[in-house]
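Step one of this worksheet: look at the structure below.
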Amino acid sequence: MSDGLPKVSIIVSSMNNEETIEECLQALLTQDYPQDHLEIILVDGGSKDKTAQIAKKYPIKIYQTALNCPAAYNYAQKIARYPILGFVDSDAKVEKNWLRKLVTRIDETNVAGASGAIDTWNTDNPWARSIGYELKTRYRRIGKYTKRIATMNLLLKKSVLEEIGGWAEDMPSQYDTEFGYRLTLKGYKIAYEPSSICYHFNRSTLQKFYQQQLQYGKNTLRLYFKYGNLARGDEITDAGMNIQPIWLLAIVSSFLLGIAPFLRSLWYLTGVLCLTLFAYYTYLAGKTAVEFKDKTAIRLILLYYVRSVAWFNGAIITTITYLRGKLG
């Protein structure tokens, strides 16, 4: 029985996700939800591995076209038959009652959509587990509603998405924050339902984590060029996270300036800044390790450094690109 439940089109964007796509689709196809009220659309951006081959085993709609994630979402939105759109990452899987829990929040006043909590899929990997702890800590700051949230676990009303103008295709990452800003300007909000859980396959090595965060760094600065007040942060990415690359800039600047003999005293400032940053990271990592009763969360000290360096480098790349465009 449908029990008056809305019909939902679930959109998955994939790119070389052969390791996770099968369980992702299985979780969606086995939802405790009327099957005649669901359609699943996979937009594959040109995977070179077996992602598309695996997906073809399942009763879903598959489109293969070279699009980034927000462009894939816009593409699928035009094809989707139903008034509610679900978004799940191809490296994520949702619990059996995920959809039923989220749709209960969709009709609340001024609500454009609903989202749930994020947990770690690959908990056997200590790096992934540590990343997951940090994400869970950030998500716990969300109240009953939020201005924006990641698309790995999200429902949206198709009518609102069309009203807002869809996803920003020029933002390969951070498009969820950009969308949330435009959503808020229209007076909408997203309901947060922490009991609805999505399990994400977090980055399992420092190199993979760096590459992910580098892209975030590039697009975060582009986002702040576009909407300067977003630099103040929100529940998920707070001001403290945004300050850390600036802190790193102060360390690098004071060190380089200190090379000059008459500015050598700036190296004392470099040392103070380094020690303060290390103490801050140690405090955050230690607090997380205690909270989750897992000493491997101390790895967060290194993960915090890697993220700051990646965001710092990403910001430099974006700034140079921006200045070249201005000067050119």
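Here, A, B, ... name the chains of the structure tokens in the order displayed, residue numbers run from 1 inside each chain, and ligands are numbered from 1 in the same displayed order.
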Report as CSV the residues of stretch 187-221 of chain A within 9 Å of stretch 117-131 of chain A, each with its shortest atom pair and distance in Å (one decimal), using only C-alpha atoms, ordered by chain and increasing residue number.
residue,atom,partner,partner_atom,distance
A:Tyr192,CA,A:Ala117,CA,8.0
A:Glu193,CA,A:Ala117,CA,7.1
A:Pro194,CA,A:Ala117,CA,4.7
A:Ser195,CA,A:Ala117,CA,6.8
A:Ser196,CA,A:Ala117,CA,6.1
A:Ile197,CA,A:Ala117,CA,4.9
A:Cys198,CA,A:Ile118,CA,5.1
A:Tyr199,CA,A:Asp119,CA,4.7
A:His200,CA,A:Trp121,CA,5.1
A:Phe201,CA,A:Trp121,CA,5.0
A:Asn202,CA,A:Ala128,CA,4.9
A:Arg203,CA,A:Ala128,CA,5.5
A:Ser204,CA,A:Ala128,CA,5.0
A:Thr205,CA,A:Trp127,CA,6.4
A:Leu206,CA,A:Trp127,CA,7.7
Export, as a tab-separated table (two decimals), in the first residue's frame, the selected residues with N, CA, C and O atoms.
chain	number	residue	atom	x	y	z
A	192	TYR	N	15.93	18.74	8.81
A	192	TYR	CA	16.97	17.77	9.14
A	192	TYR	C	16.37	16.67	10.02
A	192	TYR	O	15.82	16.94	11.09
A	193	GLU	N	16.48	15.44	9.54
A	193	GLU	CA	15.95	14.28	10.25
A	193	GLU	C	17.10	13.32	10.56
A	193	GLU	O	17.48	12.48	9.74
A	194	PRO	N	17.72	13.44	11.76
A	194	PRO	CA	18.91	12.66	12.08
A	194	PRO	C	18.71	11.15	12.16
A	194	PRO	O	19.67	10.39	12.10
A	195	SER	N	17.45	10.70	12.26
A	195	SER	CA	17.21	9.26	12.32
A	195	SER	C	17.30	8.60	10.95
A	195	SER	O	17.36	7.37	10.85
A	196	SER	N	17.30	9.40	9.89
A	196	SER	CA	17.43	8.88	8.54
A	196	SER	C	18.91	8.89	8.15
A	196	SER	O	19.50	9.95	7.96
A	197	ILE	N	19.50	7.71	8.04
A	197	ILE	CA	20.96	7.62	7.95
A	197	ILE	C	21.45	7.17	6.57
A	197	ILE	O	20.90	6.24	5.97
A	198	CYS	N	22.47	7.86	6.12
A	198	CYS	CA	23.19	7.51	4.89
A	198	CYS	C	24.62	7.16	5.27
A	198	CYS	O	25.25	7.86	6.06
A	199	TYR	N	25.14	6.07	4.73
A	199	TYR	CA	26.52	5.64	5.02
A	199	TYR	C	27.41	6.00	3.85
A	199	TYR	O	27.19	5.55	2.73
A	200	HIS	N	28.42	6.82	4.11
A	200	HIS	CA	29.29	7.31	3.06
A	200	HIS	C	30.63	6.60	3.08
A	200	HIS	O	31.20	6.35	4.14
A	201	PHE	N	31.15	6.28	1.88
A	201	PHE	CA	32.45	5.62	1.74
A	201	PHE	C	33.51	6.72	1.75
A	201	PHE	O	33.81	7.33	0.72
A	202	ASN	N	34.06	7.00	2.92
A	202	ASN	CA	35.01	8.10	3.06
A	202	ASN	C	36.36	7.79	2.43
A	202	ASN	O	36.71	6.61	2.21
A	203	ARG	N	37.14	8.83	2.16
A	203	ARG	CA	38.47	8.65	1.58
A	203	ARG	C	39.33	7.80	2.51
A	203	ARG	O	39.33	8.01	3.72
A	204	SER	N	40.06	6.86	1.93
A	204	SER	CA	40.77	5.86	2.74
A	204	SER	C	42.26	6.10	2.86
A	204	SER	O	42.96	5.38	3.58
A	205	THR	N	42.78	7.12	2.16
A	205	THR	CA	44.20	7.46	2.25
A	205	THR	C	44.35	8.98	2.33
A	205	THR	O	43.45	9.73	1.92
A	206	LEU	N	45.50	9.43	2.83
A	206	LEU	CA	45.75	10.86	2.90
A	206	LEU	C	45.80	11.49	1.52
A	206	LEU	O	45.35	12.63	1.33
Next on the checklist: When you look at stretch 143-152 of chain A with a cut-off of 6 Å (counting only C-alpha atoms), what residues show up, excluding the ones that are within fewer than 4 positions of it in the same chain? I need them as a PyMOL selection string.
Outcome noted: chain A and resi 87-89+176-177+180+189-192
Item to check | For A:Thr220, the nearest of the candidates A:Glu235, A:Gly286, A:Asn313, A:Lys101, counting only C-alpha atoms | outcome: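 The closest residue to A:Thr220 is A:Asn313.
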Item to check | Distance query A:Tyr322 at most 12 Å, only C-alpha atoms, self and fewer than 5 positions along chain excluded, as a PyMOL selection string | outcome: chain A and resi 218-219+221-222+225-226+315-317+327-328
Using the selection just defined, write its residues with N, CA, C and O atoms as a CSV table (one decimal), in the first residue's frame.
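And here is the file that came out, selection-v7.csv:
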chain,number,residue,atom,x,y,z
A,218,LYS,N,39.6,25.0,-4.0
A,218,LYS,CA,39.4,25.8,-5.2
A,218,LYS,C,38.1,26.4,-5.3
A,218,LYS,O,37.9,27.6,-5.6
A,219,ASN,N,37.0,25.6,-5.1
A,219,ASN,CA,35.7,26.1,-5.3
A,219,ASN,C,35.1,26.9,-4.2
A,219,ASN,O,34.2,27.7,-4.3
A,221,LEU,N,36.8,29.2,-2.5
A,221,LEU,CA,37.2,30.6,-2.7
A,221,LEU,C,36.4,31.2,-3.8
A,221,LEU,O,36.0,32.4,-3.7
A,222,ARG,N,36.1,30.4,-4.9
A,222,ARG,CA,35.2,30.9,-5.9
A,222,ARG,C,33.9,31.3,-5.4
A,222,ARG,O,33.3,32.3,-5.8
A,225,PHE,N,34.1,34.5,-3.5
A,225,PHE,CA,34.2,35.6,-4.5
A,225,PHE,C,32.8,36.0,-4.9
A,225,PHE,O,32.4,37.2,-5.1
A,226,LYS,N,31.9,35.0,-5.0
A,226,LYS,CA,30.5,35.2,-5.5
A,226,LYS,C,29.6,35.7,-4.4
A,226,LYS,O,28.8,36.6,-4.6
A,315,ALA,N,43.0,27.6,-2.8
A,315,ALA,CA,42.8,29.1,-2.8
A,315,ALA,C,43.8,29.8,-3.7
A,315,ALA,O,43.5,30.7,-4.4
A,316,ILE,N,45.0,29.4,-3.6
A,316,ILE,CA,46.1,30.0,-4.4
A,316,ILE,C,45.9,29.8,-5.9
A,316,ILE,O,45.9,30.7,-6.7
A,317,ILE,N,45.5,28.5,-6.2
A,317,ILE,CA,45.2,28.2,-7.6
A,317,ILE,C,44.1,29.0,-8.2
A,317,ILE,O,44.1,29.6,-9.3
A,327,LEU,N,43.5,40.2,-15.5
A,327,LEU,CA,44.6,40.9,-16.2
A,327,LEU,C,44.6,40.6,-17.7
A,327,LEU,O,45.1,41.4,-18.5
A,328,GLY,N,44.0,39.4,-18.1
A,328,GLY,CA,44.0,39.1,-19.5
A,328,GLY,C,42.9,39.8,-20.2
A,328,GLY,O,43.0,39.9,-21.4
Checklist entry - Looking only at the backbone, which of the residues in stretch 120-169 of chain A does DSSP tag as strand (DSSP E), as a list in words? => result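 Listing strand (DSSP E) positions across stretch 120-169 of chain A yields Thr120, Tyr145, Thr146, Asn153, Leu154, Leu155, Leu156 and Lys157 of chain A.
Using only C-alpha atoms, the shortest contact distance between A:Leu266 and any of A:Gln53, A:Glu291, A:Tyr227, A:Ala250 is found at A:Ala250.
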Mind dumping a table of every stretch 51-138 of chain A residue within 12 Å of stretch 1-15 of chain A, with the nearest atom pair and its distance in Å to one decimal, using only C-alpha atoms, sorted by chain and rising number, as a tab-separated table?
residue	atom	partner	partner_atom	distance
A:Thr51	CA	A:Met15	CA	7.5
A:Ala52	CA	A:Ser14	CA	8.6
A:Ile54	CA	A:Ser14	CA	11.8
A:Ala55	CA	A:Ser14	CA	10.1
A:Ile60	CA	A:Ile10	CA	10.0
A:Lys61	CA	A:Ile11	CA	9.7
A:Ile62	CA	A:Val12	CA	9.6
A:Tyr63	CA	A:Ser13	CA	9.7
A:Gln64	CA	A:Ser14	CA	9.5
A:Thr65	CA	A:Ser14	CA	10.5
A:Ala66	CA	A:Met15	CA	9.6
A:Leu67	CA	A:Ser13	CA	9.2
A:Asn68	CA	A:Ser13	CA	8.4
A:Cys69	CA	A:Ser13	CA	6.0
A:Pro70	CA	A:Ser13	CA	8.7
A:Ala71	CA	A:Ser13	CA	9.5
A:Ala72	CA	A:Ser13	CA	6.4
A:Tyr73	CA	A:Ile11	CA	7.0
A:Asn74	CA	A:Ile11	CA	10.0
A:Tyr75	CA	A:Ile11	CA	10.0
A:Ala76	CA	A:Ile11	CA	6.8
A:Gln77	CA	A:Ile11	CA	8.1
A:Lys78	CA	A:Ser9	CA	11.1
A:Ile79	CA	A:Ser9	CA	9.5
A:Ala80	CA	A:Ser9	CA	5.9
A:Arg81	CA	A:Ser9	CA	6.8
A:Tyr82	CA	A:Val8	CA	5.4
A:Pro83	CA	A:Val8	CA	6.6
A:Ile84	CA	A:Val8	CA	4.8
A:Leu85	CA	A:Ser9	CA	4.9
A:Gly86	CA	A:Ile10	CA	4.2
A:Phe87	CA	A:Ile11	CA	5.0
A:Val88	CA	A:Val12	CA	5.5
A:Asp89	CA	A:Val12	CA	5.8
A:Ser90	CA	A:Ser14	CA	5.4
A:Asp91	CA	A:Ser14	CA	8.2
A:Ala92	CA	A:Val12	CA	9.8
A:Lys93	CA	A:Val12	CA	10.9
A:Val94	CA	A:Ile10	CA	11.9
A:Leu99	CA	A:Val8	CA	9.0
A:Arg100	CA	A:Leu5	CA	8.3
A:Lys101	CA	A:Leu5	CA	11.0
A:Leu102	CA	A:Leu5	CA	11.0
A:Val103	CA	A:Pro6	CA	7.6
A:Thr104	CA	A:Leu5	CA	8.8
A:Arg105	CA	A:Leu5	CA	11.8
A:Ile106	CA	A:Pro6	CA	9.7
A:Asp107	CA	A:Pro6	CA	10.5
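For the atom pair formed by atom CA of A:Asp294 and atom CA of A:Leu135, the distance is 15.0 Å, given to one decimal.
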Checklist entry - Where does DSSP see alpha helix (DSSP H) in stretch 170-237 of chain A, if you list the residues as an NGL selection string? => result :A and (175-185 or 206-226)
Checklist entry - Any idea what the distance is between atom CA of A:Leu214 and atom CA of A:Tyr304? => result 12.9 Å
Item to check | Distance in Å - atom CA of A:Arg264 versus atom CA of A:Arg307 | outcome: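 Atom-to-atom, atom CA of A:Arg264 to atom CA of A:Arg307, that is 28.8 Å.
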Item to check | Distance criterion (only C-alpha atoms): nearest to A:Tyr216 out of A:Gly314, A:Gly228, A:Pro261, A:Gly45 | outcome: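 That would be A:Gly314, the residue with the smallest distance to A:Tyr216.
Remark: for A:Asn17, the closest of the candidate residues A:Leu38, A:Trp98, A:Asp49, A:Gln215 is A:Asp49 (distances computed over only C-alpha atoms).
Distances here use only C-alpha atoms; by that measure, the residue among A:Arg182, A:Tyr188, A:Asn153, A:Pro59 closest to A:Gly166 is A:Arg182.
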Checklist entry - Using only C-alpha atoms, which of the listed residues (A:Ala285, A:Arg140, A:Gln207, A:Leu230) sits closest to A:Phe179? => result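 Among the listed residues, A:Leu230 lies closest to A:Phe179.
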Item to check | Surrounding residues of A:Tyr133 excluding itself and chain neighbours under 3 positions, 8 Å, only C-alpha atoms, as JSON, numbers by chain | outcome: {"A": [129, 130, 136, 137, 288, 292, 297]}
Write out, as a CSV table (one decimal), in the first residue's frame, the residues just selected, with all heavy atoms.
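So the final result, stored in selection35.csv, reads:
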chain,number,residue,atom,x,y,z
A,129,ARG,N,37.4,6.1,9.0
A,129,ARG,CA,36.7,6.2,10.3
A,129,ARG,C,36.9,7.6,11.0
A,129,ARG,O,35.9,8.1,11.5
A,129,ARG,CB,37.1,5.1,11.2
A,129,ARG,CG,36.2,4.7,12.3
A,129,ARG,CD,36.4,3.4,12.9
A,129,ARG,NE,37.7,3.3,13.6
A,129,ARG,CZ,38.7,2.5,13.2
A,129,ARG,NH1,38.5,1.7,12.1
A,129,ARG,NH2,39.9,2.4,13.8
A,130,SER,N,38.1,8.0,11.0
A,130,SER,CA,38.4,9.3,11.6
A,130,SER,C,37.7,10.5,10.9
A,130,SER,O,37.1,11.4,11.5
A,130,SER,CB,39.9,9.6,11.6
A,130,SER,OG,40.6,8.6,12.4
A,136,LYS,N,30.5,13.6,11.6
A,136,LYS,CA,29.4,13.4,12.6
A,136,LYS,C,29.3,14.5,13.6
A,136,LYS,O,28.3,15.0,14.0
A,136,LYS,CB,29.5,12.0,13.3
A,136,LYS,CG,29.2,10.9,12.4
A,136,LYS,CD,29.4,9.5,13.0
A,136,LYS,CE,28.4,9.2,14.0
A,136,LYS,NZ,28.5,7.8,14.6
A,137,THR,N,30.5,14.9,14.0
A,137,THR,CA,30.6,16.0,15.0
A,137,THR,C,30.0,17.3,14.4
A,137,THR,O,29.3,18.1,15.1
A,137,THR,CB,32.1,16.3,15.4
A,137,THR,OG1,32.6,15.1,16.0
A,137,THR,CG2,32.2,17.4,16.4
A,288,THR,N,37.6,14.4,20.1
A,288,THR,CA,36.8,13.5,19.2
A,288,THR,C,37.1,12.1,19.6
A,288,THR,O,36.2,11.2,19.6
A,288,THR,CB,37.2,13.7,17.7
A,288,THR,OG1,36.9,15.1,17.4
A,288,THR,CG2,36.4,12.8,16.8
A,292,PHE,N,34.2,9.5,20.9
A,292,PHE,CA,33.8,8.2,20.1
A,292,PHE,C,34.5,7.0,20.7
A,292,PHE,O,34.4,5.9,20.1
A,292,PHE,CB,34.1,8.4,18.6
A,292,PHE,CG,33.2,9.4,18.0
A,292,PHE,CD1,33.6,10.7,17.8
A,292,PHE,CD2,31.9,9.1,17.6
A,292,PHE,CE1,32.7,11.7,17.2
A,292,PHE,CE2,31.0,10.0,17.0
A,292,PHE,CZ,31.4,11.3,16.8
A,297,ALA,N,41.2,8.1,16.3
A,297,ALA,CA,40.8,9.5,15.9
A,297,ALA,C,41.8,10.5,16.1
A,297,ALA,O,41.7,11.6,15.5
A,297,ALA,CB,39.5,9.8,16.7
Next on the checklist: List as a VMD selection string the protein and nucleic acid residues near A:Gln213, meaning an atom at most 9 Å away when only C-alpha atoms are counted, but skip any in the same chain fewer than 6 places from it.
Outcome noted: chain A and resid 306 to 311 314
Would you export the selected residues with all heavy atoms as a PDB file, in the first residue's frame, please?
ATOM      1  N   VAL A 306      46.339  18.317   6.570  1.00  0.00           N
ATOM      2  CA  VAL A 306      46.197  18.031   5.145  1.00  0.00           C
ATOM      3  C   VAL A 306      45.067  18.864   4.542  1.00  0.00           C
ATOM      4  O   VAL A 306      45.204  19.427   3.454  1.00  0.00           O
ATOM      5  CB  VAL A 306      45.937  16.518   4.918  1.00  0.00           C
ATOM      6  CG1 VAL A 306      45.527  16.247   3.471  1.00  0.00           C
ATOM      7  CG2 VAL A 306      47.181  15.708   5.265  1.00  0.00           C
ATOM      8  N   ARG A 307      43.956  18.960   5.265  1.00  0.00           N
ATOM      9  CA  ARG A 307      42.830  19.751   4.764  1.00  0.00           C
ATOM     10  C   ARG A 307      43.196  21.222   4.642  1.00  0.00           C
ATOM     11  O   ARG A 307      42.881  21.873   3.628  1.00  0.00           O
ATOM     12  CB  ARG A 307      41.620  19.595   5.681  1.00  0.00           C
ATOM     13  CG  ARG A 307      40.387  20.360   5.186  1.00  0.00           C
ATOM     14  CD  ARG A 307      39.147  20.024   5.990  1.00  0.00           C
ATOM     15  NE  ARG A 307      39.280  20.420   7.379  1.00  0.00           N
ATOM     16  CZ  ARG A 307      38.444  20.024   8.352  1.00  0.00           C
ATOM     17  NH1 ARG A 307      37.450  19.212   8.059  1.00  0.00           N
ATOM     18  NH2 ARG A 307      38.622  20.434   9.585  1.00  0.00           N
ATOM     19  N   SER A 308      43.881  21.771   5.650  1.00  0.00           N
ATOM     20  CA  SER A 308      44.267  23.182   5.601  1.00  0.00           C
ATOM     21  C   SER A 308      45.216  23.461   4.443  1.00  0.00           C
ATOM     22  O   SER A 308      45.075  24.463   3.737  1.00  0.00           O
ATOM     23  CB  SER A 308      44.916  23.599   6.921  1.00  0.00           C
ATOM     24  OG  SER A 308      43.967  23.653   7.959  1.00  0.00           O
ATOM     25  N   VAL A 309      46.184  22.568   4.248  1.00  0.00           N
ATOM     26  CA  VAL A 309      47.131  22.731   3.141  1.00  0.00           C
ATOM     27  C   VAL A 309      46.404  22.645   1.801  1.00  0.00           C
ATOM     28  O   VAL A 309      46.658  23.439   0.883  1.00  0.00           O
ATOM     29  CB  VAL A 309      48.250  21.677   3.221  1.00  0.00           C
ATOM     30  CG1 VAL A 309      49.105  21.692   1.947  1.00  0.00           C
ATOM     31  CG2 VAL A 309      49.132  21.921   4.438  1.00  0.00           C
ATOM     32  N   ALA A 310      45.479  21.691   1.685  1.00  0.00           N
ATOM     33  CA  ALA A 310      44.730  21.526   0.440  1.00  0.00           C
ATOM     34  C   ALA A 310      43.871  22.748   0.149  1.00  0.00           C
ATOM     35  O   ALA A 310      43.833  23.241  -0.987  1.00  0.00           O
ATOM     36  CB  ALA A 310      43.853  20.274   0.528  1.00  0.00           C
ATOM     37  N   TRP A 311      43.183  23.261   1.179  1.00  0.00           N
ATOM     38  CA  TRP A 311      42.362  24.459   0.980  1.00  0.00           C
ATOM     39  C   TRP A 311      43.234  25.663   0.643  1.00  0.00           C
ATOM     40  O   TRP A 311      42.864  26.491  -0.190  1.00  0.00           O
ATOM     41  CB  TRP A 311      41.539  24.745   2.236  1.00  0.00           C
ATOM     42  CG  TRP A 311      40.360  23.843   2.424  1.00  0.00           C
ATOM     43  CD1 TRP A 311      40.159  22.614   1.853  1.00  0.00           C
ATOM     44  CD2 TRP A 311      39.206  24.100   3.227  1.00  0.00           C
ATOM     45  NE1 TRP A 311      38.962  22.078   2.263  1.00  0.00           N
ATOM     46  CE2 TRP A 311      38.354  22.966   3.104  1.00  0.00           C
ATOM     47  CE3 TRP A 311      38.820  25.140   4.050  1.00  0.00           C
ATOM     48  CZ2 TRP A 311      37.132  22.873   3.775  1.00  0.00           C
ATOM     49  CZ3 TRP A 311      37.599  25.061   4.721  1.00  0.00           C
ATOM     50  CH2 TRP A 311      36.776  23.938   4.575  1.00  0.00           C
ATOM     51  N   GLY A 314      44.402  25.201  -2.900  1.00  0.00           N
ATOM     52  CA  GLY A 314      43.261  25.421  -3.782  1.00  0.00           C
ATOM     53  C   GLY A 314      42.933  26.892  -3.924  1.00  0.00           C
ATOM     54  O   GLY A 314      42.618  27.372  -5.021  1.00  0.00           O
TER      55      GLY A 314
END
